[in-house]
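> One structure coming up, written as structure tokens, with questions to follow.
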Amino acid sequence: SNALTHGVTDGSVAIRGFVEKGSLHLSVSNRGTPIPADMLDRLFQPFRRGDLRPSMQGLGLGLYIASEIAKAHKGTIAVQSDELETRFTFSMPVSVI
């Protein structure tokens, strides 16, 4: 829902997934205003939210909870944000059968 809420209204949301070198990678990306660099380090802290619009709701816990779930699975969540897109990527080790 963050990708829809914070993206441009006429842009798409892309979801990608693949396994590479023993890790599962899932990403969600959108187009919109880049997340300011000084805010990137704080995104995964509890009760942190970006710039708010009247239609936005939430406590600022979603990304924190997601990062804790990733850690519980020995994984990570990373973010990159620039003029082209904002992408959140969840990665965790997997064993391929």
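Identifiers in the structure tokens: chain A, B, ... in order shown; residue index from 1 per chain; ligand index from 1 in order shown.
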Could you go through chain A and tell me which residues DSSP, when run on the backbone, assigns to helix (DSSP H, G or I), listing them as a PyMOL selection string?
chain A and resi 2-6+37-40+62-72
> Output as an mmCIF file with N, CA, C and O atoms, in the first residue's frame all residues of chain A that backbone DSSP marks as strand (DSSP E or B).

```
data_model
loop_
_atom_site.group_PDB
_atom_site.id
_atom_site.type_symbol
_atom_site.label_atom_id
_atom_site.label_comp_id
_atom_site.auth_asym_id
_atom_site.auth_seq_id
_atom_site.Cartn_x
_atom_site.Cartn_y
_atom_site.Cartn_z
ATOM 1 N N VAL A 13 2.938 0.385 -10.250
ATOM 2 C CA VAL A 13 3.716 -0.244 -9.195
ATOM 3 C C VAL A 13 4.220 -1.560 -9.764
ATOM 4 O O VAL A 13 3.445 -2.332 -10.322
ATOM 5 N N ALA A 14 5.513 -1.802 -9.652
ATOM 6 C CA ALA A 14 6.108 -3.039 -10.173
ATOM 7 C C ALA A 14 6.506 -3.934 -9.007
ATOM 8 O O ALA A 14 7.082 -3.468 -8.023
ATOM 9 N N ILE A 15 6.191 -5.218 -9.137
ATOM 10 C CA ILE A 15 6.578 -6.220 -8.146
ATOM 11 C C ILE A 15 7.422 -7.258 -8.870
ATOM 12 O O ILE A 15 7.014 -7.780 -9.905
ATOM 13 N N ARG A 16 8.608 -7.517 -8.338
ATOM 14 C CA ARG A 16 9.525 -8.459 -8.971
ATOM 15 C C ARG A 16 10.013 -9.461 -7.933
ATOM 16 O O ARG A 16 10.163 -9.129 -6.768
ATOM 17 N N GLY A 17 10.284 -10.662 -8.373
ATOM 18 C CA GLY A 17 10.835 -11.670 -7.493
ATOM 19 C C GLY A 17 11.739 -12.617 -8.251
ATOM 20 O O GLY A 17 11.473 -12.926 -9.406
ATOM 21 N N PHE A 18 12.829 -13.023 -7.610
ATOM 22 C CA PHE A 18 13.737 -13.990 -8.226
ATOM 23 C C PHE A 18 14.628 -14.584 -7.149
ATOM 24 O O PHE A 18 14.761 -14.038 -6.057
ATOM 25 N N VAL A 19 15.210 -15.731 -7.479
ATOM 26 C CA VAL A 19 16.185 -16.382 -6.606
ATOM 27 C C VAL A 19 17.525 -16.313 -7.306
ATOM 28 O O VAL A 19 17.638 -16.615 -8.502
ATOM 29 N N GLU A 20 18.552 -15.897 -6.555
ATOM 30 C CA GLU A 20 19.892 -15.781 -7.114
ATOM 31 C C GLU A 20 20.919 -16.047 -6.020
ATOM 32 O O GLU A 20 20.815 -15.467 -4.930
ATOM 33 N N SER A 23 19.655 -16.754 -2.487
ATOM 34 C CA SER A 23 18.818 -15.757 -1.823
ATOM 35 C C SER A 23 17.573 -15.466 -2.649
ATOM 36 O O SER A 23 17.639 -15.371 -3.874
ATOM 37 N N LEU A 24 16.480 -15.306 -1.930
ATOM 38 C CA LEU A 24 15.225 -14.869 -2.534
ATOM 39 C C LEU A 24 15.184 -13.344 -2.467
ATOM 40 O O LEU A 24 15.493 -12.769 -1.421
ATOM 41 N N HIS A 25 14.831 -12.699 -3.565
ATOM 42 C CA HIS A 25 14.732 -11.238 -3.622
ATOM 43 C C HIS A 25 13.337 -10.870 -4.108
ATOM 44 O O HIS A 25 12.901 -11.336 -5.169
ATOM 45 N N LEU A 26 12.624 -10.074 -3.334
ATOM 46 C CA LEU A 26 11.322 -9.552 -3.714
ATOM 47 C C LEU A 26 11.397 -8.038 -3.642
ATOM 48 O O LEU A 26 11.861 -7.486 -2.636
ATOM 49 N N SER A 27 10.955 -7.359 -4.693
ATOM 50 C CA SER A 27 11.001 -5.900 -4.664
ATOM 51 C C SER A 27 9.682 -5.306 -5.115
ATOM 52 O O SER A 27 8.935 -5.902 -5.890
ATOM 53 N N VAL A 28 9.416 -4.129 -4.591
ATOM 54 C CA VAL A 28 8.252 -3.333 -4.964
ATOM 55 C C VAL A 28 8.780 -1.949 -5.297
ATOM 56 O O VAL A 28 9.536 -1.358 -4.520
ATOM 57 N N SER A 29 8.397 -1.445 -6.477
ATOM 58 C CA SER A 29 8.876 -0.120 -6.867
ATOM 59 C C SER A 29 7.743 0.714 -7.445
ATOM 60 O O SER A 29 6.740 0.182 -7.924
ATOM 61 N N ASN A 30 7.933 2.019 -7.363
ATOM 62 C CA ASN A 30 6.974 2.963 -7.928
ATOM 63 C C ASN A 30 7.714 4.200 -8.421
ATOM 64 O O ASN A 30 8.923 4.343 -8.211
ATOM 65 N N THR A 76 17.057 -9.084 4.937
ATOM 66 C CA THR A 76 17.168 -7.631 5.007
ATOM 67 C C THR A 76 16.090 -6.977 4.136
ATOM 68 O O THR A 76 15.519 -7.621 3.258
ATOM 69 N N ILE A 77 15.862 -5.721 4.396
ATOM 70 C CA ILE A 77 15.077 -4.880 3.493
ATOM 71 C C ILE A 77 15.932 -3.670 3.191
ATOM 72 O O ILE A 77 16.455 -3.018 4.097
ATOM 73 N N ALA A 78 16.088 -3.382 1.911
ATOM 74 C CA ALA A 78 16.880 -2.239 1.475
ATOM 75 C C ALA A 78 15.985 -1.306 0.665
ATOM 76 O O ALA A 78 14.972 -1.724 0.106
ATOM 77 N N VAL A 79 16.371 -0.054 0.606
ATOM 78 C CA VAL A 79 15.621 0.930 -0.179
ATOM 79 C C VAL A 79 16.593 1.726 -1.034
ATOM 80 O O VAL A 79 17.708 2.028 -0.613
ATOM 81 N N GLN A 80 16.180 2.016 -2.244
ATOM 82 C CA GLN A 80 16.903 2.949 -3.099
ATOM 83 C C GLN A 80 15.854 3.883 -3.680
ATOM 84 O O GLN A 80 14.739 3.470 -4.010
ATOM 85 N N SER A 81 16.190 5.152 -3.772
ATOM 86 C CA SER A 81 15.216 6.123 -4.251
ATOM 87 C C SER A 81 15.934 7.214 -5.031
ATOM 88 O O SER A 81 16.880 7.825 -4.539
ATOM 89 N N THR A 86 11.448 4.591 -6.746
ATOM 90 C CA THR A 86 11.760 4.190 -5.377
ATOM 91 C C THR A 86 11.504 2.699 -5.315
ATOM 92 O O THR A 86 10.452 2.224 -5.744
ATOM 93 N N ARG A 87 12.495 1.947 -4.810
ATOM 94 C CA ARG A 87 12.398 0.486 -4.781
ATOM 95 C C ARG A 87 12.775 -0.022 -3.388
ATOM 96 O O ARG A 87 13.838 0.301 -2.852
ATOM 97 N N PHE A 88 11.884 -0.839 -2.825
ATOM 98 C CA PHE A 88 12.159 -1.547 -1.589
ATOM 99 C C PHE A 88 12.399 -3.001 -1.961
ATOM 100 O O PHE A 88 11.590 -3.597 -2.687
ATOM 101 N N THR A 89 13.494 -3.584 -1.455
ATOM 102 C CA THR A 89 13.842 -4.961 -1.787
ATOM 103 C C THR A 89 14.040 -5.768 -0.510
ATOM 104 O O THR A 89 14.855 -5.416 0.337
ATOM 105 N N PHE A 90 13.271 -6.838 -0.409
ATOM 106 C CA PHE A 90 13.397 -7.808 0.680
ATOM 107 C C PHE A 90 14.247 -8.954 0.169
ATOM 108 O O PHE A 90 14.001 -9.470 -0.926
ATOM 109 N N SER A 91 15.255 -9.349 0.930
ATOM 110 C CA SER A 91 16.131 -10.467 0.549
ATOM 111 C C SER A 91 16.288 -11.389 1.749
ATOM 112 O O SER A 91 16.412 -10.919 2.884
ATOM 113 N N MET A 92 16.300 -12.692 1.472
ATOM 114 C CA MET A 92 16.543 -13.669 2.542
ATOM 115 C C MET A 92 17.155 -14.926 1.940
ATOM 116 O O MET A 92 16.920 -15.234 0.761
ATOM 117 N N PRO A 93 17.942 -15.636 2.722
ATOM 118 C CA PRO A 93 18.537 -16.868 2.214
ATOM 119 C C PRO A 93 17.467 -17.945 2.039
ATOM 120 O O PRO A 93 16.513 -18.030 2.795
#
```
> Need to verify the contact set: Gly11 of chain A, 9 Å, only C-alpha atoms, exclusion of same-chain residues closer than 2 positions in sequence. Can you return it as a list in words?
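Near neighbours after the sequence-gap exclusion: Leu4, Gly7, Val8, Thr9, Val13, Asn30, Arg31 and Gly32 of chain A.
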> Given the choices A:Leu61, A:Leu84, A:Val94, A:Ala70, which gets closest to Ile35 of chain A if the distance is worked out from only C-alpha atoms?
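Nearest candidate to Ile35 of chain A out of A:Leu61, A:Leu84, A:Val94, A:Ala70: A:Leu84.
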> Excluding same-chain residues fewer than 6 positions from Ile65 of chain A, what lies within 10 Å of it counting only C-alpha atoms, as an MDAnalysis selection string?
chainID A and resid 44:46 71
> Take the residues just selected and output them with all heavy atoms as a PDB file, in the first residue's frame.

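Writing done, so here's again-v7.pdb:
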```
ATOM      1  N   PHE A  44      13.081   2.780   8.610  1.00  0.00           N
ATOM      2  CA  PHE A  44      12.762   1.511   9.244  1.00  0.00           C
ATOM      3  C   PHE A  44      12.683   1.617  10.764  1.00  0.00           C
ATOM      4  O   PHE A  44      12.581   0.605  11.447  1.00  0.00           O
ATOM      5  CB  PHE A  44      13.775   0.449   8.818  1.00  0.00           C
ATOM      6  CG  PHE A  44      13.750   0.212   7.317  1.00  0.00           C
ATOM      7  CD1 PHE A  44      14.732   0.748   6.511  1.00  0.00           C
ATOM      8  CD2 PHE A  44      12.723  -0.503   6.727  1.00  0.00           C
ATOM      9  CE1 PHE A  44      14.707   0.556   5.133  1.00  0.00           C
ATOM     10  CE2 PHE A  44      12.679  -0.707   5.352  1.00  0.00           C
ATOM     11  CZ  PHE A  44      13.674  -0.172   4.559  1.00  0.00           C
ATOM     12  N   GLN A  45      12.719   2.832  11.290  1.00  0.00           N
ATOM     13  CA  GLN A  45      12.537   3.042  12.721  1.00  0.00           C
ATOM     14  C   GLN A  45      11.039   3.133  13.022  1.00  0.00           C
ATOM     15  O   GLN A  45      10.260   3.596  12.195  1.00  0.00           O
ATOM     16  CB  GLN A  45      13.232   4.330  13.167  1.00  0.00           C
ATOM     17  CG  GLN A  45      14.724   4.291  13.028  1.00  0.00           C
ATOM     18  CD  GLN A  45      15.368   5.625  13.376  1.00  0.00           C
ATOM     19  OE1 GLN A  45      14.699   6.587  13.723  1.00  0.00           O
ATOM     20  NE2 GLN A  45      16.684   5.679  13.275  1.00  0.00           N
ATOM     21  N   PRO A  46      10.622   2.687  14.211  1.00  0.00           N
ATOM     22  CA  PRO A  46       9.190   2.752  14.527  1.00  0.00           C
ATOM     23  C   PRO A  46       8.692   4.188  14.645  1.00  0.00           C
ATOM     24  O   PRO A  46       9.436   5.074  15.062  1.00  0.00           O
ATOM     25  CB  PRO A  46       9.080   2.009  15.863  1.00  0.00           C
ATOM     26  CG  PRO A  46      10.446   2.053  16.456  1.00  0.00           C
ATOM     27  CD  PRO A  46      11.410   2.103  15.296  1.00  0.00           C
ATOM     28  N   LYS A  71      14.544  -9.598   9.462  1.00  0.00           N
ATOM     29  CA  LYS A  71      15.617 -10.009  10.372  1.00  0.00           C
ATOM     30  C   LYS A  71      15.341 -11.390  10.963  1.00  0.00           C
ATOM     31  O   LYS A  71      16.257 -12.197  11.117  1.00  0.00           O
ATOM     32  CB  LYS A  71      15.771  -8.994  11.510  1.00  0.00           C
ATOM     33  CG  LYS A  71      16.394  -7.696  11.093  1.00  0.00           C
ATOM     34  CD  LYS A  71      16.445  -6.733  12.277  1.00  0.00           C
ATOM     35  CE  LYS A  71      16.759  -5.338  11.830  1.00  0.00           C
ATOM     36  NZ  LYS A  71      16.675  -4.374  12.948  1.00  0.00           N
TER      37      LYS A  71
END
```
> Just to confirm, what's the straight-line distance from atom CA of Asp41 of chain A to atom CA of Ala3 of chain A in Å (one decimal)?
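One can read the atom CA of Asp41 of chain A to atom CA of Ala3 of chain A distance as 18.2 Å.
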> Of the candidates A:Asp82, A:Gly60, A:Phe47, A:Glu68, which shows the shortest atom-to-atom distance to Pro34 of chain A, using only C-alpha atoms?
A:Asp82
